[in-house]
2 protein chains.
Amino acid sequence: MTSDQKAPVCVLGAGLIGGSLLRAAADAGYRAWGYNRSEAGVTAAVADGFDVSADLPATLTRAAEADALIVIAVPMPAVDHLLGAITTFAPDCALTDVVSVKGPVADAVRAHGLSRRYVGGHPMAGTSESGWAATNSDLFESAVWAVGVDPGTHALTWTRVTRLALDCGAVVVPVTSEDHDRAVARISHLPHVLAEALAVAGASGGPLALGLAAGSFRDGTRVAATAPDLVRAICEPNRDALLSVLDDTLTVLGAARDSLRAEGSLADLIAAGHDGRTAYEDNERWEITDIRPGDHDWLERMREAGRRGGVYTARA
Amino acid sequence: MTSDQKAPVCVLGAGLIGGSLLRAAADAGYRAWGYNRSEAGVTAAVADGFDVSADLPATLTRAAEADALIVIAVPMPAVDHLLGAITTFAPDCALTDVVSVKGPVADAVRAHGLSRRYVGGHPMAGTSESGWAATNSDLFESAVWAVGVDPGTHALTWTRVTRLALDCGAVVVPVTSEDHDRAVARISHLPHVLAEALAVAGASGGPLALGLAAGSFRDGTRVAATAPDLVRAICEPNRDALLSVLDDTLTVLGAARDSLRAEGSLADLIAAGHDGRTAYEDNERWEITDIRPGDHDWLERMREAGRRGGVYTARA
């Protein structure tokens with residue numbers, strides 16, 4: 001395994017996440033190259049000294065020859081096209097991704113017959129900017145990087161993906177696709193939906209309301225500045241989990257509305273919200289030190305540790 | 001009027017806003033003193049060299065003797081008690097406030113017979129912290145400070161309140177109580193409500209979800225860290241306006257939920273939200289230069305200018 005640990009990395013998609021990964025991996029001593037669909041992105045990356053091409057077959061052929069770890073770093077709607085090309089040009093490479101949902105990617109990987117060497121990933125990092133111009137080698141520093149522990153996960157591939165995440169400065173949360181998608185519906189996709197709704201409400205107040213807006217509106221709508229197509233590509237593939245938490249939230253908000261109307265009180269909502277924010281601020285990561293990839297029941301144990309807030313930080 | 005411009009300021013309440021106002025006014029060369037209910041707050045302010053007392057009658061008697069501008073800087077539930085004392089000890093002083101709603105304060109002022117020299121105010125600044133320890137003389141720097149232009153507003157008092165706001169580093173938005181309360185429901189109170197609901201949704205996901213949370217959740221729930229009693233005191237007095245925008249927002253979110261369920265699409269919400277955030281980012285203040293307080297129709301003209309995004313910056 002040791003020889004594998006800094007084996008080459010081939011990143012498909014040089015946007016905010018993929019491009020930042022190219023930068024971070026190169027900084028960490030990996031041989032790293034990539035593909036980008038748009039020539040503009042390729043030109044920008046090459047101008048910054050990165051080895052990025054718009055030739056997908058050539059990029060993947062090179063990955064197959066070098067036994068690189070392939071990282072899919074495009075929005076969900078573009079994943080299927082890349083998987084088709086991987087099936088043709090690099091079907092035996094280890095494979096991961098940084099897409100914002102995990103179940104739909106795992107399904108697509110399975111449909112292409114590529115599950116054997118696939119381990120899903122998702123670095124919890126980003127800004128409202130996008131494209132190569134927004135890339136930053138420090139993007140993953142101290143971030144959390146979800147790495148899949150679905151049944152059947154191959155320990156060596158898991159370790160290789162984990163090592164890359166750690167070398168980019170992140171800590172790893174082991175999580176199944178289903179748990180991941182439910183969690184990010186709560187802490188990533190719902191924030192997008194509420195930010196959009198808040199921006200709508202503010203703008204409906206015209207220049208007066210927008211001119212009076214201060215920190216709470218600015219922060220509450222920050223992610224509504226993200227490109228609409230990207231927000232759709234992030235949220236819509238997680239439909240079922242997002243619908244569930246959105247239903248719950250409409251119930252919570254409806255109850256608050258009813259209480260405000262009937263009794264003039266928002267006490268219950270505000271108490272619960274304050275408790276929730278406090279739980280977030282007090283939430284402490286702890287290190288998983290007693291589970292080694294490949295050991296008996298390691299996937300189940302990793303999953304349970306991740307659910308209890310554990311993070312994996314061992315490079316071995 | 002000139003002699004009035006830096007006439008003394010008496011601030012009732014030395015929390016985040018009132019305490020910061022004491023600091024900013026002192027820095028700007030005003031003679032400023034204040035009252036605080038809790039001895040702990042008084043002790044902290046005095047330790048920092050400020051002239052703050054827990055003796056309300058004495059503080060107000062001094063204001064009456066010095067013809068100070070009295071600033072009410074307590075949450076809405078505590079306003080009535082202060083107005084009662086002002087009626088007794090300093091009924092002829094010019095009076096303003098920095099409370100988060102304007103209609104209910106104006107009603108209370110009227111009920112105490114103090115409308116003649118009252119002009120409402122609201123600096124759009126704050127943090128999720130509270131109390132003297134959080135005070136900061138720069139809190140109002142480049143902030144917007146709403147100053148009331150309800151019918152019957154006295155031009156000299158208006159100018160005096162405006163001058164104080166400008167000297168604290170803010171720009172002034174002229175606005176009626178009704179317009180103000182509708183606008184802040186959108187850009188201040190709704191953000192609080194949505195932040196609380198988001199915090200509830202995140203915490204319901206347990207340590208896994210909270211551990212995966214990144215920037216969008218952190219920023220989206222920031223104001224849920226505010227003390228619950230203070231959030232209630234900010235939002236609940238604005239019940240009617242908040243109910244209206246909360247109803248609208250539930251409709252918007254419900255439509256998005258239905259579209260996601262039926263068609264897998266959040267396109268309409270995300271497009272509208274992005275437009276709203278863009279309108280916020282592109283919103284430009286312009287200076288009101290052609291209206292002088294006291295001129296014919298000045299209140300109506302100020303109100304219209306404020307609605308169109310105008311700010312008043314003239315100290316004269």
# chains A, B, ... in the order shown; residues from 1 in each chain; ligands from 1
call {"tool": "residues_around", "arguments": {"residues": "A:Ala63", "least_positions_apart": "6", "cutoff": "8 Å", "atoms": "only C-alpha atoms", "output": "PyMOL selection string"}}
result
chain A and resi 8-10+69-70+90+93
call {"tool": "residues_around", "arguments": {"residues": "stretch 104-112 of chain B", "least_positions_apart": "4", "cutoff": "7 Å", "atoms": "only C-alpha atoms", "output": "NGL selection string"}}
result
:B and (80 or 83-84 or 87 or 237)
call {"tool": "closest_residue", "arguments": {"among": "A:His81, A:Arg218, A:Arg62, A:His154", "to": "chain B", "atoms": "only C-alpha atoms"}}
result
A:Arg218
call {"tool": "select_by_dssp", "arguments": {"residues": "stretch 96-237 of chain A", "states": "strand (DSSP E)", "output": "count of residues only"}}
result
15
call {"tool": "closest_residue", "arguments": {"among": "A:Val147, A:Leu230, A:Glu284, A:Ala125", "to": "A:Ala78", "atoms": "only C-alpha atoms"}}
result
A:Leu230
call {"tool": "residues_around", "arguments": {"residues": "A:Asp240", "least_positions_apart": "5", "cutoff": "12 Å", "atoms": "only C-alpha atoms", "output": "count of residues only"}}
result
19
call {"tool": "closest_residue", "arguments": {"among": "B:Thr96, B:Thr127, B:Ala279, B:Gly254", "to": "B:Thr226", "atoms": "only C-alpha atoms"}}
result
B:Thr127
call {"tool": "residues_around", "arguments": {"residues": "B:Thr162", "least_positions_apart": "5", "cutoff": "9 Å", "atoms": "only C-alpha atoms", "output": "PDB file with N, CA and C atoms, in the first residue's frame"}}
result
ATOM      1  N   GLY B 121     -35.692  56.149  15.909  1.00  0.00           N
ATOM      2  CA  GLY B 121     -34.480  55.796  15.164  1.00  0.00           C
ATOM      3  C   GLY B 121     -34.198  54.303  15.278  1.00  0.00           C
ATOM      4  N   TRP B 145     -28.766  54.102   9.480  1.00  0.00           N
ATOM      5  CA  TRP B 145     -29.528  54.442  10.691  1.00  0.00           C
ATOM      6  C   TRP B 145     -30.874  55.000  10.234  1.00  0.00           C
ATOM      7  N   VAL B 147     -34.185  56.918  10.524  1.00  0.00           N
ATOM      8  CA  VAL B 147     -34.702  58.001  11.366  1.00  0.00           C
ATOM      9  C   VAL B 147     -36.111  58.346  10.869  1.00  0.00           C
ATOM     10  N   THR B 157     -35.846  68.453  16.095  1.00  0.00           N
ATOM     11  CA  THR B 157     -35.510  67.195  16.755  1.00  0.00           C
ATOM     12  C   THR B 157     -34.963  66.196  15.732  1.00  0.00           C
ATOM     13  N   ASP B 167     -22.721  61.539  13.275  1.00  0.00           N
ATOM     14  CA  ASP B 167     -21.484  61.673  14.051  1.00  0.00           C
ATOM     15  C   ASP B 167     -20.987  60.330  14.569  1.00  0.00           C
ATOM     16  N   VAL B 171     -25.002  56.480   7.999  1.00  0.00           N
ATOM     17  CA  VAL B 171     -25.783  57.302   7.079  1.00  0.00           C
ATOM     18  C   VAL B 171     -27.247  57.112   7.454  1.00  0.00           C
ATOM     19  N   VAL B 172     -28.060  58.137   7.166  1.00  0.00           N
ATOM     20  CA  VAL B 172     -29.437  58.138   7.654  1.00  0.00           C
ATOM     21  C   VAL B 172     -30.423  57.836   6.528  1.00  0.00           C
ATOM     22  N   TYR B 312     -29.542  60.319   3.813  1.00  0.00           N
ATOM     23  CA  TYR B 312     -29.301  61.711   4.191  1.00  0.00           C
ATOM     24  C   TYR B 312     -27.978  61.786   4.935  1.00  0.00           C
ATOM     25  N   THR B 313     -27.116  62.685   4.515  1.00  0.00           N
ATOM     26  CA  THR B 313     -25.777  62.733   5.115  1.00  0.00           C
ATOM     27  C   THR B 313     -25.371  64.135   5.549  1.00  0.00           C
ATOM     28  N   ALA B 314     -26.304  65.111   5.447  1.00  0.00           N
ATOM     29  CA  ALA B 314     -25.949  66.505   5.748  1.00  0.00           C
ATOM     30  C   ALA B 314     -26.081  66.795   7.238  1.00  0.00           C
ATOM     31  N   ARG B 315     -25.014  67.324   7.833  1.00  0.00           N
ATOM     32  CA  ARG B 315     -25.048  67.640   9.264  1.00  0.00           C
ATOM     33  C   ARG B 315     -25.730  68.978   9.538  1.00  0.00           C
TER      34      ARG B 315
END
call {"tool": "select_by_dssp", "arguments": {"residues": "stretch 95-240 of chain B", "states": "helix (DSSP H, G or I)", "output": "PyMOL selection string"}}
result
chain B and resi 103-111+115-117+132-134+155-167+177-203+206-212+215-220+222-225+228-240
call {"tool": "closest_residue", "arguments": {"among": "B:Ser100, B:Thr153, B:Ser137, B:Ser130", "to": "B:Pro293", "atoms": "only C-alpha atoms"}}
result
B:Thr153
call {"tool": "residues_around", "arguments": {"residues": "B:Ala44", "least_positions_apart": "2", "cutoff": "12 Å", "atoms": "only C-alpha atoms", "output": "compact mmCIF listing (two decimals) with N, CA, C and O atoms, in the first residue's frame"}}
result
# COMPACT_ATOMS: atom_id res chain seq x y z
N ALA B 14 -27.40 50.24 28.54
CA ALA B 14 -25.99 50.18 28.12
C ALA B 14 -25.65 48.78 27.62
O ALA B 14 -24.62 48.20 27.96
N GLY B 15 -26.54 48.22 26.81
CA GLY B 15 -26.25 46.93 26.17
C GLY B 15 -25.46 47.15 24.90
O GLY B 15 -24.77 48.16 24.75
N GLY B 19 -24.69 50.85 24.68
CA GLY B 19 -23.31 51.00 25.13
C GLY B 19 -22.39 51.43 24.01
O GLY B 19 -21.51 52.29 24.18
N ASN B 36 -28.27 52.13 33.27
CA ASN B 36 -28.45 50.71 32.98
C ASN B 36 -29.12 50.05 34.17
O ASN B 36 -28.81 50.35 35.31
N SER B 38 -29.13 46.79 35.16
CA SER B 38 -28.35 45.83 35.94
C SER B 38 -27.07 46.47 36.48
O SER B 38 -26.37 47.21 35.77
N GLU B 39 -26.78 46.16 37.73
CA GLU B 39 -25.57 46.69 38.36
C GLU B 39 -24.33 46.15 37.67
O GLU B 39 -23.31 46.82 37.58
N ALA B 40 -24.41 44.92 37.17
CA ALA B 40 -23.25 44.33 36.49
C ALA B 40 -22.86 45.16 35.27
O ALA B 40 -21.69 45.44 35.03
N GLY B 41 -23.88 45.57 34.51
CA GLY B 41 -23.62 46.41 33.34
C GLY B 41 -23.06 47.77 33.74
O GLY B 41 -22.15 48.29 33.09
N VAL B 42 -23.61 48.32 34.80
CA VAL B 42 -23.10 49.61 35.29
C VAL B 42 -21.64 49.49 35.67
O VAL B 42 -20.79 50.31 35.28
N VAL B 46 -18.63 51.58 33.97
CA VAL B 46 -17.85 52.51 34.80
C VAL B 46 -16.37 52.12 34.79
O VAL B 46 -15.49 52.97 34.71
N ALA B 47 -16.12 50.81 34.82
CA ALA B 47 -14.74 50.33 34.80
C ALA B 47 -14.03 50.76 33.52
O ALA B 47 -12.81 50.95 33.49
N ASP B 48 -14.80 50.90 32.45
CA ASP B 48 -14.23 51.36 31.18
C ASP B 48 -14.23 52.89 31.06
O ASP B 48 -13.94 53.42 29.99
N GLY B 49 -14.59 53.57 32.16
CA GLY B 49 -14.49 55.03 32.17
C GLY B 49 -15.75 55.75 31.71
O GLY B 49 -15.70 56.96 31.45
N PHE B 50 -16.87 55.05 31.63
CA PHE B 50 -18.10 55.70 31.18
C PHE B 50 -19.00 56.04 32.36
O PHE B 50 -18.98 55.39 33.40
N ASP B 51 -19.78 57.08 32.13
CA ASP B 51 -20.61 57.69 33.17
C ASP B 51 -21.99 57.05 33.12
O ASP B 51 -22.92 57.58 32.51
N VAL B 52 -22.09 55.88 33.74
CA VAL B 52 -23.33 55.11 33.69
C VAL B 52 -23.79 54.81 35.12
O VAL B 52 -22.97 54.47 35.98
N SER B 53 -25.08 54.95 35.34
CA SER B 53 -25.65 54.79 36.68
C SER B 53 -26.86 53.86 36.64
O SER B 53 -27.52 53.73 35.61
N ALA B 54 -27.16 53.25 37.77
CA ALA B 54 -28.37 52.44 37.88
C ALA B 54 -29.53 53.25 38.48
O ALA B 54 -30.59 52.72 38.74
N GLY B 131 -24.83 42.89 25.58
CA GLY B 131 -24.28 43.39 26.83
C GLY B 131 -23.08 44.30 26.62
O GLY B 131 -22.53 44.42 25.52
N TRP B 132 -22.69 44.96 27.72
CA TRP B 132 -21.61 45.94 27.65
C TRP B 132 -20.32 45.35 27.08
O TRP B 132 -19.60 46.01 26.32
N ALA B 133 -20.04 44.10 27.42
CA ALA B 133 -18.78 43.49 26.97
C ALA B 133 -18.69 43.46 25.45
O ALA B 133 -17.59 43.41 24.89
N ALA B 134 -19.82 43.48 24.78
CA ALA B 134 -19.83 43.42 23.32
C ALA B 134 -19.79 44.80 22.66
O ALA B 134 -19.72 44.90 21.44
N THR B 135 -19.81 45.86 23.45
CA THR B 135 -19.90 47.21 22.87
C THR B 135 -18.63 47.59 22.13
O THR B 135 -17.54 47.10 22.43
call {"tool": "residues_around", "arguments": {"residues": "A:Gly294", "least_positions_apart": "2", "cutoff": "9 Å", "atoms": "only C-alpha atoms", "output": "list of chain:residue names"}}
result
A:His154, A:Ala155, A:Leu156, A:Ile291, A:Arg292, A:His296, A:Asp297, A:Trp298, A:Leu299
call {"tool": "write_last_selection", "arguments": {"atoms": "N, CA and C atoms", "output": "compact mmCIF listing (two decimals), in the first residue's frame"}}
result
# COMPACT_ATOMS: atom_id res chain seq x y z
N HIS A 154 -13.85 -1.21 -0.91
CA HIS A 154 -12.53 -1.84 -0.93
C HIS A 154 -11.59 -1.05 -0.02
N ALA A 155 -10.96 -1.73 0.92
CA ALA A 155 -10.14 -1.04 1.93
C ALA A 155 -8.97 -0.28 1.32
N LEU A 156 -8.32 -0.85 0.32
CA LEU A 156 -7.16 -0.18 -0.25
C LEU A 156 -7.56 1.11 -0.97
N ILE A 291 -9.94 1.71 14.62
CA ILE A 291 -10.47 0.96 13.49
C ILE A 291 -9.49 1.06 12.33
N ARG A 292 -9.05 -0.09 11.81
CA ARG A 292 -8.15 -0.07 10.66
C ARG A 292 -8.89 -0.56 9.43
N HIS A 296 -11.86 -6.75 10.49
CA HIS A 296 -13.19 -7.33 10.58
C HIS A 296 -14.22 -6.24 10.94
N ASP A 297 -15.31 -6.19 10.19
CA ASP A 297 -16.41 -5.25 10.46
C ASP A 297 -15.99 -3.78 10.38
N TRP A 298 -14.88 -3.50 9.69
CA TRP A 298 -14.39 -2.11 9.70
C TRP A 298 -15.39 -1.13 9.10
N LEU A 299 -16.15 -1.55 8.07
CA LEU A 299 -17.09 -0.62 7.45
C LEU A 299 -18.23 -0.26 8.40
call {"tool": "atom_distance", "arguments": {"atom1": "atom CA of B:Leu269", "atom2": "atom CA of A:Asp219"}}
result
18.4 Å
call {"tool": "residues_around", "arguments": {"residues": "A:Gly306", "least_positions_apart": "6", "cutoff": "6 Å", "atoms": "only C-alpha atoms", "output": "CSV table (one decimal) with all heavy atoms, in the first residue's frame"}}
result
chain,number,residue,atom,x,y,z
A,173,VAL,N,-14.6,12.1,7.4
A,173,VAL,CA,-15.7,11.5,8.1
A,173,VAL,C,-16.2,10.3,7.3
A,173,VAL,O,-16.6,10.5,6.2
A,173,VAL,CB,-16.9,12.6,8.2
A,173,VAL,CG1,-18.2,11.9,8.7
A,173,VAL,CG2,-16.5,13.7,9.2
A,174,PRO,N,-16.1,9.1,7.9
A,174,PRO,CA,-16.6,8.0,7.2
A,174,PRO,C,-18.2,7.9,7.3
A,174,PRO,O,-18.7,8.1,8.3
A,174,PRO,CB,-16.0,6.8,8.0
A,174,PRO,CG,-15.7,7.3,9.3
A,174,PRO,CD,-15.6,8.8,9.2
A,175,VAL,N,-18.8,7.7,6.1
A,175,VAL,CA,-20.3,7.9,6.1
A,175,VAL,C,-20.8,7.1,4.9
A,175,VAL,O,-20.2,7.0,3.8
A,175,VAL,CB,-20.7,9.4,6.0
A,175,VAL,CG1,-20.1,10.0,4.7
A,175,VAL,CG2,-22.2,9.6,6.1
call {"tool": "closest_residue", "arguments": {"among": "B:Ile187, B:Ala68, B:Ala94, B:Val74", "to": "chain A", "atoms": "only C-alpha atoms"}}
result
B:Ile187
call {"tool": "atom_distance", "arguments": {"atom1": "atom CA of B:Arg23", "atom2": "atom CA of B:Leu114"}}
result
26.7 Å
